[in-house]
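The file model_13.pdb contains PDB, C-alpha atoms and all ligand atoms:
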ATOM      1  CA  ARG A   1      -6.974   2.767 -23.886
ATOM      2  CA  SER A   2      -4.560   2.766 -20.955
ATOM      3  CA  ARG A   3      -5.955   1.700 -17.619
ATOM      4  CA  ALA A   4      -3.089   3.352 -15.758
ATOM      5  CA  VAL A   5      -1.071   6.518 -16.323
ATOM      6  CA  THR A   6       2.124   7.354 -14.429
ATOM      7  CA  VAL A   7       3.519  10.903 -14.348
ATOM      8  CA  GLY A   8       7.126  11.737 -13.581
ATOM      9  CA  GLU A   9      10.742  12.041 -14.633
ATOM     10  CA  GLY A  10      12.694   9.260 -16.307
ATOM     11  CA  LEU A  11      16.448   9.114 -15.875
ATOM     12  CA  ALA A  12      19.199   7.352 -17.686
ATOM     13  CA  VAL A  13      20.956   5.355 -14.954
ATOM     14  CA  LEU A  14      24.668   4.660 -15.123
ATOM     15  CA  VAL A  15      25.410   1.794 -12.736
ATOM     16  CA  ALA A  16      29.025   1.834 -11.551
ATOM     17  CA  GLN A  17      31.110  -1.195 -10.705
ATOM     18  CA  PRO A  18      30.971  -2.099  -6.978
ATOM     19  CA  GLY A  19      33.343  -0.001  -4.863
ATOM     20  CA  PRO A  20      34.457   3.654  -4.873
ATOM     21  CA  LEU A  21      33.150   5.613  -7.836
ATOM     22  CA  GLU A  22      36.591   6.916  -8.713
ATOM     23  CA  GLU A  23      37.658   3.360  -9.469
ATOM     24  CA  SER A  24      34.750   2.443 -11.688
ATOM     25  CA  GLU A  25      35.846   2.275 -15.305
ATOM     26  CA  ILE A  26      32.714   0.750 -16.733
ATOM     27  CA  PHE A  27      29.144   1.903 -16.240
ATOM     28  CA  GLU A  28      26.133  -0.119 -17.227
ATOM     29  CA  ARG A  29      23.390   2.014 -18.723
ATOM     30  CA  THR A  30      19.877   1.245 -17.535
ATOM     31  CA  ALA A  31      16.643   3.171 -17.140
ATOM     32  CA  GLY A  32      15.168   4.624 -13.969
ATOM     33  CA  GLY A  33      12.744   7.148 -12.621
ATOM     34  CA  ALA A  34      10.194   6.009 -10.089
ATOM     35  CA  GLU A  35       7.085   6.459 -12.232
ATOM     36  CA  ALA A  36       8.749   4.929 -15.301
ATOM     37  CA  ASN A  37       9.724   1.920 -13.161
ATOM     38  CA  VAL A  38       6.156   1.526 -11.940
ATOM     39  CA  ALA A  39       4.871   1.756 -15.524
ATOM     40  CA  THR A  40       7.012  -1.170 -16.695
ATOM     41  CA  VAL A  41       5.904  -3.306 -13.735
ATOM     42  CA  LEU A  42       2.227  -2.562 -14.358
ATOM     43  CA  ARG A  43       2.660  -3.396 -18.015
ATOM     44  CA  GLN A  44       4.349  -6.723 -17.260
ATOM     45  CA  LEU A  45       1.377  -7.552 -15.052
ATOM     46  CA  GLY A  46      -1.034  -7.032 -17.911
ATOM     47  CA  VAL A  47      -2.141  -3.468 -17.175
ATOM     48  CA  ASP A  48      -2.135  -1.199 -20.237
ATOM     49  CA  THR A  49      -0.127   1.773 -19.032
ATOM     50  CA  ALA A  50       1.001   5.138 -20.350
ATOM     51  CA  TRP A  51       3.834   7.299 -19.032
ATOM     52  CA  LEU A  52       3.593  11.109 -19.099
ATOM     53  CA  SER A  53       6.836  13.024 -18.996
ATOM     54  CA  ARG A  54       9.286  15.292 -20.752
ATOM     55  CA  VAL A  55      12.668  14.190 -22.081
ATOM     56  CA  GLY A  56      15.485  16.030 -23.844
ATOM     57  CA  ASP A  57      16.173  15.733 -27.578
ATOM     58  CA  ASP A  58      19.236  13.601 -26.880
ATOM     59  CA  GLY A  59      20.395  10.000 -26.850
ATOM     60  CA  PHE A  60      19.340   9.374 -23.269
ATOM     61  CA  GLY A  61      15.845  10.675 -23.969
ATOM     62  CA  ARG A  62      15.539   8.486 -27.056
ATOM     63  CA  TYR A  63      16.865   5.543 -25.048
ATOM     64  CA  LEU A  64      14.235   6.036 -22.317
ATOM     65  CA  LEU A  65      11.420   6.270 -24.851
ATOM     66  CA  ALA A  66      12.633   3.129 -26.615
ATOM     67  CA  HIS A  67      13.129   1.272 -23.319
ATOM     68  CA  LEU A  68       9.571   1.943 -22.197
ATOM     69  CA  ALA A  69       8.017   1.421 -25.634
ATOM     70  CA  GLU A  70       9.781  -1.957 -25.979
ATOM     71  CA  ARG A  71       8.132  -2.958 -22.717
ATOM     72  CA  GLY A  72       4.739  -2.009 -24.064
ATOM     73  CA  VAL A  73       4.297   1.277 -22.201
ATOM     74  CA  ASP A  74       2.469   3.981 -24.197
ATOM     75  CA  VAL A  75       4.889   6.928 -24.557
ATOM     76  CA  SER A  76       2.890   8.743 -27.227
ATOM     77  CA  ALA A  77       2.157  11.733 -24.989
ATOM     78  CA  VAL A  78       5.748  12.247 -23.782
ATOM     79  CA  VAL A  79       7.073  15.655 -24.876
ATOM     80  CA  THR A  80      10.599  16.020 -26.269
ATOM     81  CA  ASP A  81      12.112  19.377 -25.284
ATOM     82  CA  PRO A  82      15.059  20.413 -27.473
ATOM     83  CA  GLY A  83      16.118  23.079 -24.972
ATOM     84  CA  ARG A  84      16.828  20.889 -21.941
ATOM     85  CA  PRO A  85      18.714  17.640 -21.269
ATOM     86  CA  THR A  86      17.337  14.311 -20.154
ATOM     87  CA  ALA A  87      18.130  13.640 -16.499
ATOM     88  CA  VAL A  88      20.904  11.230 -15.565
ATOM     89  CA  TYR A  89      21.879   9.600 -12.328
ATOM     90  CA  VAL A  90      24.933   7.587 -11.428
ATOM     91  CA  LYS A  91      24.459   4.666  -9.101
ATOM     92  CA  GLU A  92      27.565   4.327  -6.947
ATOM     93  CA  ARG A  93      27.637   0.825  -5.532
ATOM     94  CA  GLY A  94      28.900  -0.345  -2.170
ATOM     95  CA  SER A  95      31.272  -3.264  -2.088
ATOM     96  CA  GLY A  96      29.593  -5.371   0.637
ATOM     97  CA  SER A  97      28.697  -8.975   0.000
ATOM     98  CA  GLY A  98      24.908  -8.864   0.226
ATOM     99  CA  LYS A  99      24.965 -11.031   3.369
ATOM    100  CA  ALA A 100      22.933  -9.514   6.190
ATOM    101  CA  THR A 101      26.087  -8.726   8.194
ATOM    102  CA  ASP A 102      27.615  -6.839   5.318
ATOM    103  CA  LEU A 103      24.546  -5.109   4.016
ATOM    104  CA  ALA A 104      25.365  -1.579   5.146
ATOM    105  CA  ASP A 105      28.440  -1.635   2.927
ATOM    106  CA  ARG A 106      26.343  -2.750   0.065
ATOM    107  CA  ALA A 107      24.004   0.220  -0.045
ATOM    108  CA  SER A 108      24.124   2.254  -3.230
ATOM    109  CA  ARG A 109      24.323   6.010  -3.469
ATOM    110  CA  MET A 110      22.496   8.039  -6.066
ATOM    111  CA  LEU A 111      24.310  10.936  -7.701
ATOM    112  CA  TYR A 112      21.853  13.106  -9.590
ATOM    113  CA  TYR A 113      22.627  15.098 -12.732
ATOM    114  CA  ARG A 114      19.182  16.548 -13.254
ATOM    115  CA  THR A 115      19.064  20.242 -12.347
ATOM    116  CA  GLY A 116      17.328  22.034 -15.219
ATOM    117  CA  SER A 117      16.382  18.731 -16.850
ATOM    118  CA  ALA A 118      13.586  18.422 -19.372
ATOM    119  CA  ALA A 119      11.227  16.872 -16.820
ATOM    120  CA  SER A 120      11.937  19.563 -14.234
ATOM    121  CA  ALA A 121       9.945  21.830 -16.579
ATOM    122  CA  LEU A 122       6.843  19.644 -16.165
ATOM    123  CA  SER A 123       3.925  21.943 -15.370
ATOM    124  CA  PRO A 124       0.126  21.870 -15.258
ATOM    125  CA  ALA A 125       0.109  22.675 -18.993
ATOM    126  CA  ASP A 126       1.429  19.148 -19.595
ATOM    127  CA  LEU A 127      -1.794  17.724 -18.182
ATOM    128  CA  ALA A 128      -3.916  19.910 -20.439
ATOM    129  CA  ALA A 129      -2.104  19.019 -23.686
ATOM    130  CA  PRO A 130      -4.601  17.078 -25.829
ATOM    131  CA  ALA A 131      -2.806  13.680 -25.865
ATOM    132  CA  ALA A 132      -2.198  13.764 -22.111
ATOM    133  CA  ALA A 133      -5.673  15.047 -21.285
ATOM    134  CA  ARG A 134      -7.204  12.176 -23.227
ATOM    135  CA  LEU A 135      -5.072   9.560 -21.430
ATOM    136  CA  LEU A 136      -5.896  11.051 -18.046
ATOM    137  CA  ALA A 137      -9.613  11.244 -18.799
ATOM    138  CA  GLU A 138      -9.805   7.642 -19.958
ATOM    139  CA  CYS A 139      -7.679   5.849 -17.350
ATOM    140  CA  GLU A 140      -8.713   4.171 -14.103
ATOM    141  CA  LEU A 141      -5.609   4.989 -12.107
ATOM    142  CA  ILE A 142      -2.995   7.758 -12.041
ATOM    143  CA  HIS A 143       0.261   7.140 -10.177
ATOM    144  CA  PHE A 144       2.965   9.642  -9.265
ATOM    145  CA  THR A 145       5.466  10.203  -6.466
ATOM    146  CA  GLY A 146       6.952  12.824  -4.187
ATOM    147  CA  ILE A 147       9.911  12.926  -6.578
ATOM    148  CA  THR A 148       7.790  14.634  -9.231
ATOM    149  CA  THR A 149       6.445  17.012  -6.588
ATOM    150  CA  ALA A 150      10.011  17.920  -5.574
ATOM    151  CA  LEU A 151      11.453  18.523  -9.049
ATOM    152  CA  SER A 152      10.647  22.233  -9.345
ATOM    153  CA  GLU A 153       7.947  24.761  -8.544
ATOM    154  CA  SER A 154       6.210  24.083 -11.857
ATOM    155  CA  ALA A 155       6.303  20.338 -11.176
ATOM    156  CA  THR A 156       4.801  20.935  -7.719
ATOM    157  CA  ALA A 157       2.046  22.869  -9.470
ATOM    158  CA  LEU A 158       1.525  19.876 -11.766
ATOM    159  CA  THR A 159       1.111  17.404  -8.907
ATOM    160  CA  GLU A 160      -1.211  19.856  -7.112
ATOM    161  CA  ALA A 161      -3.232  19.934 -10.347
ATOM    162  CA  LEU A 162      -3.398  16.127 -10.287
ATOM    163  CA  LEU A 163      -4.942  16.331  -6.812
ATOM    164  CA  ALA A 164      -7.520  18.748  -8.146
ATOM    165  CA  LEU A 165      -8.523  16.696 -11.221
ATOM    166  CA  PRO A 166     -12.127  15.503 -11.102
ATOM    167  CA  ARG A 167     -11.851  11.941  -9.787
ATOM    168  CA  ASP A 168     -14.830  10.376 -11.641
ATOM    169  CA  GLY A 169     -14.157   7.010 -10.010
ATOM    170  CA  ARG A 170     -10.485   7.180 -10.978
ATOM    171  CA  LEU A 171      -7.888   6.296  -8.331
ATOM    172  CA  LEU A 172      -5.012   8.635  -7.574
ATOM    173  CA  SER A 173      -1.948   6.791  -6.280
ATOM    174  CA  PHE A 174       1.059   8.411  -4.584
ATOM    175  CA  ASP A 175       4.359   7.084  -3.291
ATOM    176  CA  LEU A 176       6.040   9.443  -0.829
ATOM    177  CA  ASN A 177       9.555   8.764  -2.211
ATOM    178  CA  PHE A 178      11.122  11.496  -0.096
ATOM    179  CA  ARG A 179      14.373  12.608  -1.728
ATOM    180  CA  PRO A 180      15.850  15.382   0.473
ATOM    181  CA  ALA A 181      18.403  16.299  -2.223
ATOM    182  CA  LEU A 182      15.572  17.413  -4.486
ATOM    183  CA  TRP A 183      14.024  19.707  -1.887
ATOM    184  CA  ALA A 184      17.246  21.671  -1.326
ATOM    185  CA  GLY A 185      16.280  25.274  -0.764
ATOM    186  CA  ARG A 186      12.655  24.269  -0.202
ATOM    187  CA  VAL A 187      13.083  21.656   2.553
ATOM    188  CA  GLY A 188      10.880  23.700   4.891
ATOM    189  CA  LEU A 189       8.013  23.208   2.481
ATOM    190  CA  ALA A 190       8.381  19.462   2.047
ATOM    191  CA  ALA A 191       6.361  18.259   5.044
ATOM    192  CA  ASP A 192       3.344  20.450   4.293
ATOM    193  CA  VAL A 193       3.338  19.829   0.579
ATOM    194  CA  LEU A 194       3.834  16.078   0.919
ATOM    195  CA  ALA A 195       1.199  15.768   3.674
ATOM    196  CA  ARG A 196      -1.279  17.501   1.381
ATOM    197  CA  HIS A 197      -0.485  14.944  -1.321
ATOM    198  CA  VAL A 198      -0.870  12.005   1.064
ATOM    199  CA  ARG A 199      -4.252  13.303   2.208
ATOM    200  CA  GLY A 200      -5.399  13.980  -1.344
ATOM    201  CA  CYS A 201      -4.746  10.533  -2.817
ATOM    202  CA  ASP A 202      -6.636   7.246  -2.707
ATOM    203  CA  VAL A 203      -3.677   4.858  -2.587
ATOM    204  CA  VAL A 204      -0.554   5.928  -0.683
ATOM    205  CA  PHE A 205       2.764   4.127  -0.211
ATOM    206  CA  LEU A 206       5.021   5.250   2.630
ATOM    207  CA  GLY A 207       8.516   3.997   3.349
ATOM    208  CA  ALA A 208       8.541   4.088   7.160
ATOM    209  CA  ASP A 209      12.029   5.645   7.329
ATOM    210  CA  GLU A 210      11.046   8.369   4.859
ATOM    211  CA  ALA A 211       7.772   8.986   6.671
ATOM    212  CA  GLY A 212       9.753   9.277   9.898
ATOM    213  CA  ALA A 213      11.997  11.911   8.329
ATOM    214  CA  VAL A 214       9.121  13.972   6.933
ATOM    215  CA  PHE A 215       6.213  13.426   9.302
ATOM    216  CA  GLY A 216       8.009  12.558  12.554
ATOM    217  CA  THR A 217       6.838   8.963  13.015
ATOM    218  CA  ASP A 218       7.700   5.698  11.327
ATOM    219  CA  ASP A 219       5.056   3.683  13.162
ATOM    220  CA  ALA A 220       2.400   2.246  10.851
ATOM    221  CA  ASP A 221      -0.523   2.758  13.249
ATOM    222  CA  GLU A 222       0.544   6.293  14.115
ATOM    223  CA  LEU A 223       0.843   7.073  10.411
ATOM    224  CA  ARG A 224      -2.651   5.707   9.833
ATOM    225  CA  ALA A 225      -3.950   7.872  12.677
ATOM    226  CA  LEU A 226      -2.216  10.875  11.092
ATOM    227  CA  PHE A 227      -3.523  10.056   7.624
ATOM    228  CA  PRO A 228      -6.983   8.477   7.826
ATOM    229  CA  GLU A 229      -7.979   9.888   4.401
ATOM    230  CA  PRO A 230      -6.458   7.524   1.797
ATOM    231  CA  ALA A 231      -8.627   4.457   1.162
ATOM    232  CA  HIS A 232      -5.376   2.468   0.902
ATOM    233  CA  LEU A 233      -2.368   3.278   3.091
ATOM    234  CA  ILE A 234       0.640   1.014   2.739
ATOM    235  CA  VAL A 235       3.543   1.378   5.176
ATOM    236  CA  LYS A 236       6.805  -0.443   4.462
ATOM    237  CA  ASN A 237       8.999  -0.707   7.568
ATOM    238  CA  ASP A 238      12.743  -1.206   8.012
ATOM    239  CA  ALA A 239      12.338  -4.874   8.817
ATOM    240  CA  HIS A 240      10.595  -5.152   5.441
ATOM    241  CA  THR A 241       7.227  -5.981   6.831
ATOM    242  CA  VAL A 242       4.486  -4.143   5.068
ATOM    243  CA  THR A 243       1.353  -3.016   6.861
ATOM    244  CA  GLY A 244      -1.599  -2.398   4.596
ATOM    245  CA  PHE A 245      -4.661  -0.452   5.693
ATOM    246  CA  ALA A 246      -7.675  -0.557   3.407
ATOM    247  CA  GLY A 247     -11.005   0.569   4.783
ATOM    248  CA  ALA A 248     -11.367  -1.211   8.121
ATOM    249  CA  GLN A 249      -8.759  -3.843   7.284
ATOM    250  CA  ARG A 250      -5.231  -3.923   8.648
ATOM    251  CA  VAL A 251      -2.922  -6.649   7.329
ATOM    252  CA  GLU A 252       0.808  -7.241   7.849
ATOM    253  CA  VAL A 253       2.801  -9.237   5.315
ATOM    254  CA  PRO A 254       6.542  -9.870   5.793
ATOM    255  CA  ALA A 255       8.926  -9.639   2.853
ATOM    256  CA  LEU A 256      10.497 -12.734   1.351
ATOM    257  CA  GLY A 257      13.864 -13.602   2.895
ATOM    258  CA  LEU A 258      16.236 -13.056  -0.012
ATOM    259  CA  GLU A 259      19.845 -12.219  -0.545
ATOM    260  CA  ILE A 260      19.610  -8.660  -1.798
ATOM    261  CA  THR A 261      21.720  -7.536  -4.736
ATOM    262  CA  GLU A 262      20.673  -3.885  -4.833
ATOM    263  CA  ARG A 263      17.693  -2.071  -3.327
ATOM    264  CA  ILE A 264      16.982   0.950  -5.507
ATOM    265  CA  GLY A 265      13.761   0.450  -7.439
ATOM    266  CA  ALA A 266      12.265  -2.125  -5.052
ATOM    267  CA  GLY A 267       9.708   0.352  -3.743
ATOM    268  CA  ASP A 268       8.519   1.106  -7.261
ATOM    269  CA  ALA A 269       8.207  -2.590  -8.052
ATOM    270  CA  PHE A 270       6.194  -3.020  -4.847
ATOM    271  CA  ALA A 271       3.853  -0.206  -5.844
ATOM    272  CA  GLY A 272       3.426  -1.649  -9.342
ATOM    273  CA  GLY A 273       2.584  -5.076  -7.929
ATOM    274  CA  TYR A 274       0.076  -3.690  -5.443
ATOM    275  CA  LEU A 275      -1.601  -1.467  -8.022
ATOM    276  CA  ALA A 276      -1.859  -4.180 -10.682
ATOM    277  CA  ALA A 277      -3.419  -6.557  -8.146
ATOM    278  CA  LEU A 278      -5.813  -3.789  -7.121
ATOM    279  CA  LEU A 279      -6.874  -3.204 -10.719
ATOM    280  CA  HIS A 280      -7.306  -6.965 -11.066
ATOM    281  CA  GLY A 281      -9.683  -6.992  -8.093
ATOM    282  CA  ARG A 282      -7.455  -8.980  -5.675
ATOM    283  CA  PRO A 283      -7.987  -8.847  -1.890
ATOM    284  CA  LEU A 284      -5.623  -6.827   0.326
ATOM    285  CA  VAL A 285      -3.386  -9.695   1.450
ATOM    286  CA  GLN A 286      -2.780 -10.734  -2.158
ATOM    287  CA  ARG A 287      -2.131  -7.159  -3.229
ATOM    288  CA  LEU A 288       0.598  -6.947  -0.567
ATOM    289  CA  ARG A 289       2.072 -10.275  -1.658
ATOM    290  CA  PHE A 290       2.117  -9.158  -5.284
ATOM    291  CA  GLY A 291       3.975  -6.080  -4.080
ATOM    292  CA  HIS A 292       6.572  -8.180  -2.268
ATOM    293  CA  LEU A 293       7.005 -10.574  -5.183
ATOM    294  CA  CYS A 294       7.622  -7.720  -7.608
ATOM    295  CA  ALA A 295       9.971  -6.041  -5.124
ATOM    296  CA  ALA A 296      11.897  -9.328  -4.897
ATOM    297  CA  ALA A 297      12.491  -9.179  -8.645
ATOM    298  CA  ALA A 298      13.941  -5.661  -8.304
ATOM    299  CA  LEU A 299      16.034  -6.571  -5.231
ATOM    300  CA  THR A 300      17.818  -9.363  -7.021
ATOM    301  CA  GLY A 301      19.172  -7.218  -9.891
ATOM    302  CA  THR A 302      21.443  -4.160 -10.120
ATOM    303  CA  GLY A 303      19.085  -2.044 -12.246
ATOM    304  CA  ASP A 304      16.122  -0.067 -10.923
ATOM    305  CA  GLY A 305      13.596  -1.920 -13.040
ATOM    306  CA  ALA A 306      12.168  -5.336 -12.249
ATOM    307  CA  VAL A 307      12.044  -8.215 -14.694
ATOM    308  CA  LEU A 308       9.116 -10.267 -13.481
ATOM    309  CA  PRO A 309       8.214 -13.926 -13.848
ATOM    310  CA  ALA A 310       5.108 -14.601 -15.943
ATOM    311  CA  PRO A 311       1.922 -13.217 -14.332
ATOM    312  CA  ALA A 312       0.511 -16.747 -13.951
ATOM    313  CA  ILE A 313       3.497 -17.725 -11.775
ATOM    314  CA  LEU A 314       3.151 -14.612  -9.631
ATOM    315  CA  GLU A 315      -0.535 -15.370  -9.315
ATOM    316  CA  ARG A 316       0.224 -18.836  -7.944
ATOM    317  CA  LEU A 317       2.871 -17.512  -5.536
ATOM    318  CA  ALA A 318       0.552 -14.787  -4.276
ATOM    319  CA  SER A 319      -2.224 -17.285  -3.637
ATOM    320  CA  VAL A 320      -0.276 -19.980  -1.754
ATOM    321  CA  ASP A 321      -1.174 -21.044   1.745
ATOM    322  CA  GLU A 322      -0.630 -18.472   4.533
ATOM    323  CA  ASN A 323       2.084 -20.589   6.231
ATOM    324  CA  ALA A 324       4.312 -20.544   3.178
ATOM    325  CA  TRP A 325       4.478 -16.768   3.550
ATOM    326  CA  ALA A 326       4.994 -16.652   7.304
TER     327      ALA A 326
HETATM  328  O1  LIG B 401      12.728   4.481  -6.694
HETATM  329  C1  LIG B 401      13.823   4.440  -7.579
HETATM  330  C2  LIG B 401      14.080   5.821  -8.047
HETATM  331  O2  LIG B 401      14.504   6.584  -6.961
HETATM  332  C3  LIG B 401      15.115   5.868  -9.129
HETATM  333  O3  LIG B 401      14.738   5.106 -10.252
HETATM  334  C4  LIG B 401      15.487   7.252  -9.541
HETATM  335  O4  LIG B 401      13.408   8.353  -9.768
HETATM  336  C5  LIG B 401      14.491   8.303  -9.251
HETATM  337  C6  LIG B 401      14.833   9.337  -8.286
HETATM  338  O5  LIG B 401      14.462  10.459  -8.561
HETATM  339  O6  LIG B 401      15.420   9.087  -7.248
END

Once more with this new file: its structure as structure tokens, please.
Ligand code: KDG
Amino acid sequence: RSRAVTVGEGLAVLVAQPGPLEESEIFERTAGGAEANVATVLRQLGVDTAWLSRVGDDGFGRYLLAHLAERGVDVSAVVTDPGRPTAVYVKERGSGSGKATDLADRASRMLYYRTGSAASALSPADLAAPAAARLLAECELIHFTGITTALSESATALTEALLALPRDGRLLSFDLNFRPALWAGRVGLAADVLARHVRGCDVVFLGADEAGAVFGTDDADELRALFPEPAHLIVKNDAHTVTGFAGAQRVEVPALGLEITERIGAGDAFAGGYLAALLHGRPLVQRLRFGHLCAAAALTGTGDGAVLPAPAILERLASVDENAWA
């Protein structure tokens, strides 16, 4: 029985060598896709997790299934569609040094090759298929992101159907993950659709910059005032301080000061850390620290996924004295 189910597109990631893409001769293949990334983090933290998706009947699809299965994620309900390809994205890497002064040059760019992909055909029918319906009925937490919502009209219908599922004590978790490129042609809809998803979920993660772009404010307290509905609202600001609101609590926890290798995937690792700690019954401050610790693992590698230290080590780091975190 899986305690958590994540729903969304997986992508084969081709990580270029640092510098202009036209000069990259070698690409490292890794796996990405926000909900797939969260699934592997949850699993490493001891949460039995399943991933619901669609992949193409091709080498990248088989690679994604193997990658997740090797990490212990249940992929038994993933549908293979022979008529559509698995999504791919190329990660073009800046050539900066990773030092704070040089960080802007270090940012990566994502080039998507995913129009018409297998997962863009996700639809409400995928939730009703027997294997998926059983996983969803039995789990304690469902996680998805605004990427899935943006993939296509049928995928929007799927995430709307997630909002409408009987909750039965189950938590619905949503990361805004605003990707303007995916809303092309429907950008006017994004704010309304995404706001409805924020209001309809129990746990919500907002990158402050993304929230600013969609909802017009990047201020944590203003966002809380705008969205009082989610029991958990987590706002991650540009200075990498995270403000967590849960019930009447409001806690700020700064990120660890690290030299960053590459940022993409850090938000997913954060979400996975927070959600695992939530399922393990940890208090808010520790949930936020787990999030930061998992994000740190993603920030120090070039892939989107995070390779975490053993859960017992994370547990100790998350529980250390307040001053060590200040
Ligand atoms: O959060 C990281 C994701 O953005 C990345 O893995 C790819 O899912 C992805 C997307 O659609 O951008």

Neighbourhood of ligand LIG 401 (chain B) at 10 Å, counting all atoms listed in the file, reported as a PyMOL selection string: chain A and resi 8-13+30-38+87-91+110-112+114+145-148+150-151+175+177-182+263-269+303-305

Nearest to Leu135 (chain A) by atom-to-atom distance, counting all atoms listed in the file, from A:Ala277, A:Val203, A:Ile26, A:Val75: A:Val75

Which protein, DNA or RNA residues have an atom at most 7 Å from (14.6, 21.9, -24.8), counting all atoms listed in the file? List them as a PyMOL selection string. chain A and resi 56-57+81-85+118

Using the chain letters and numbers from the file, give me the residues hit by the PyMOL selection byres (((chain A and resi 80) around 12) and not hetatm), as number ranges by chain. A: 52-62, 64-65, 75-79, 81-86, 117-119, 121-122, 126

Explicit residues for the PyMOL selection byres (((chain A and resi 311) around 12) and not hetatm) (as a PyMOL selection string): chain A and resi 41-47+273+276-277+280+290+293-294+307-310+312-318

Residue nearest His197 (chain A) - candidates A:Leu162, A:Ala184, A:Ile260, A:Leu171, atoms counted: all atoms listed in the file: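 Closest to His197 (chain A) of all the choices is A:Leu162.
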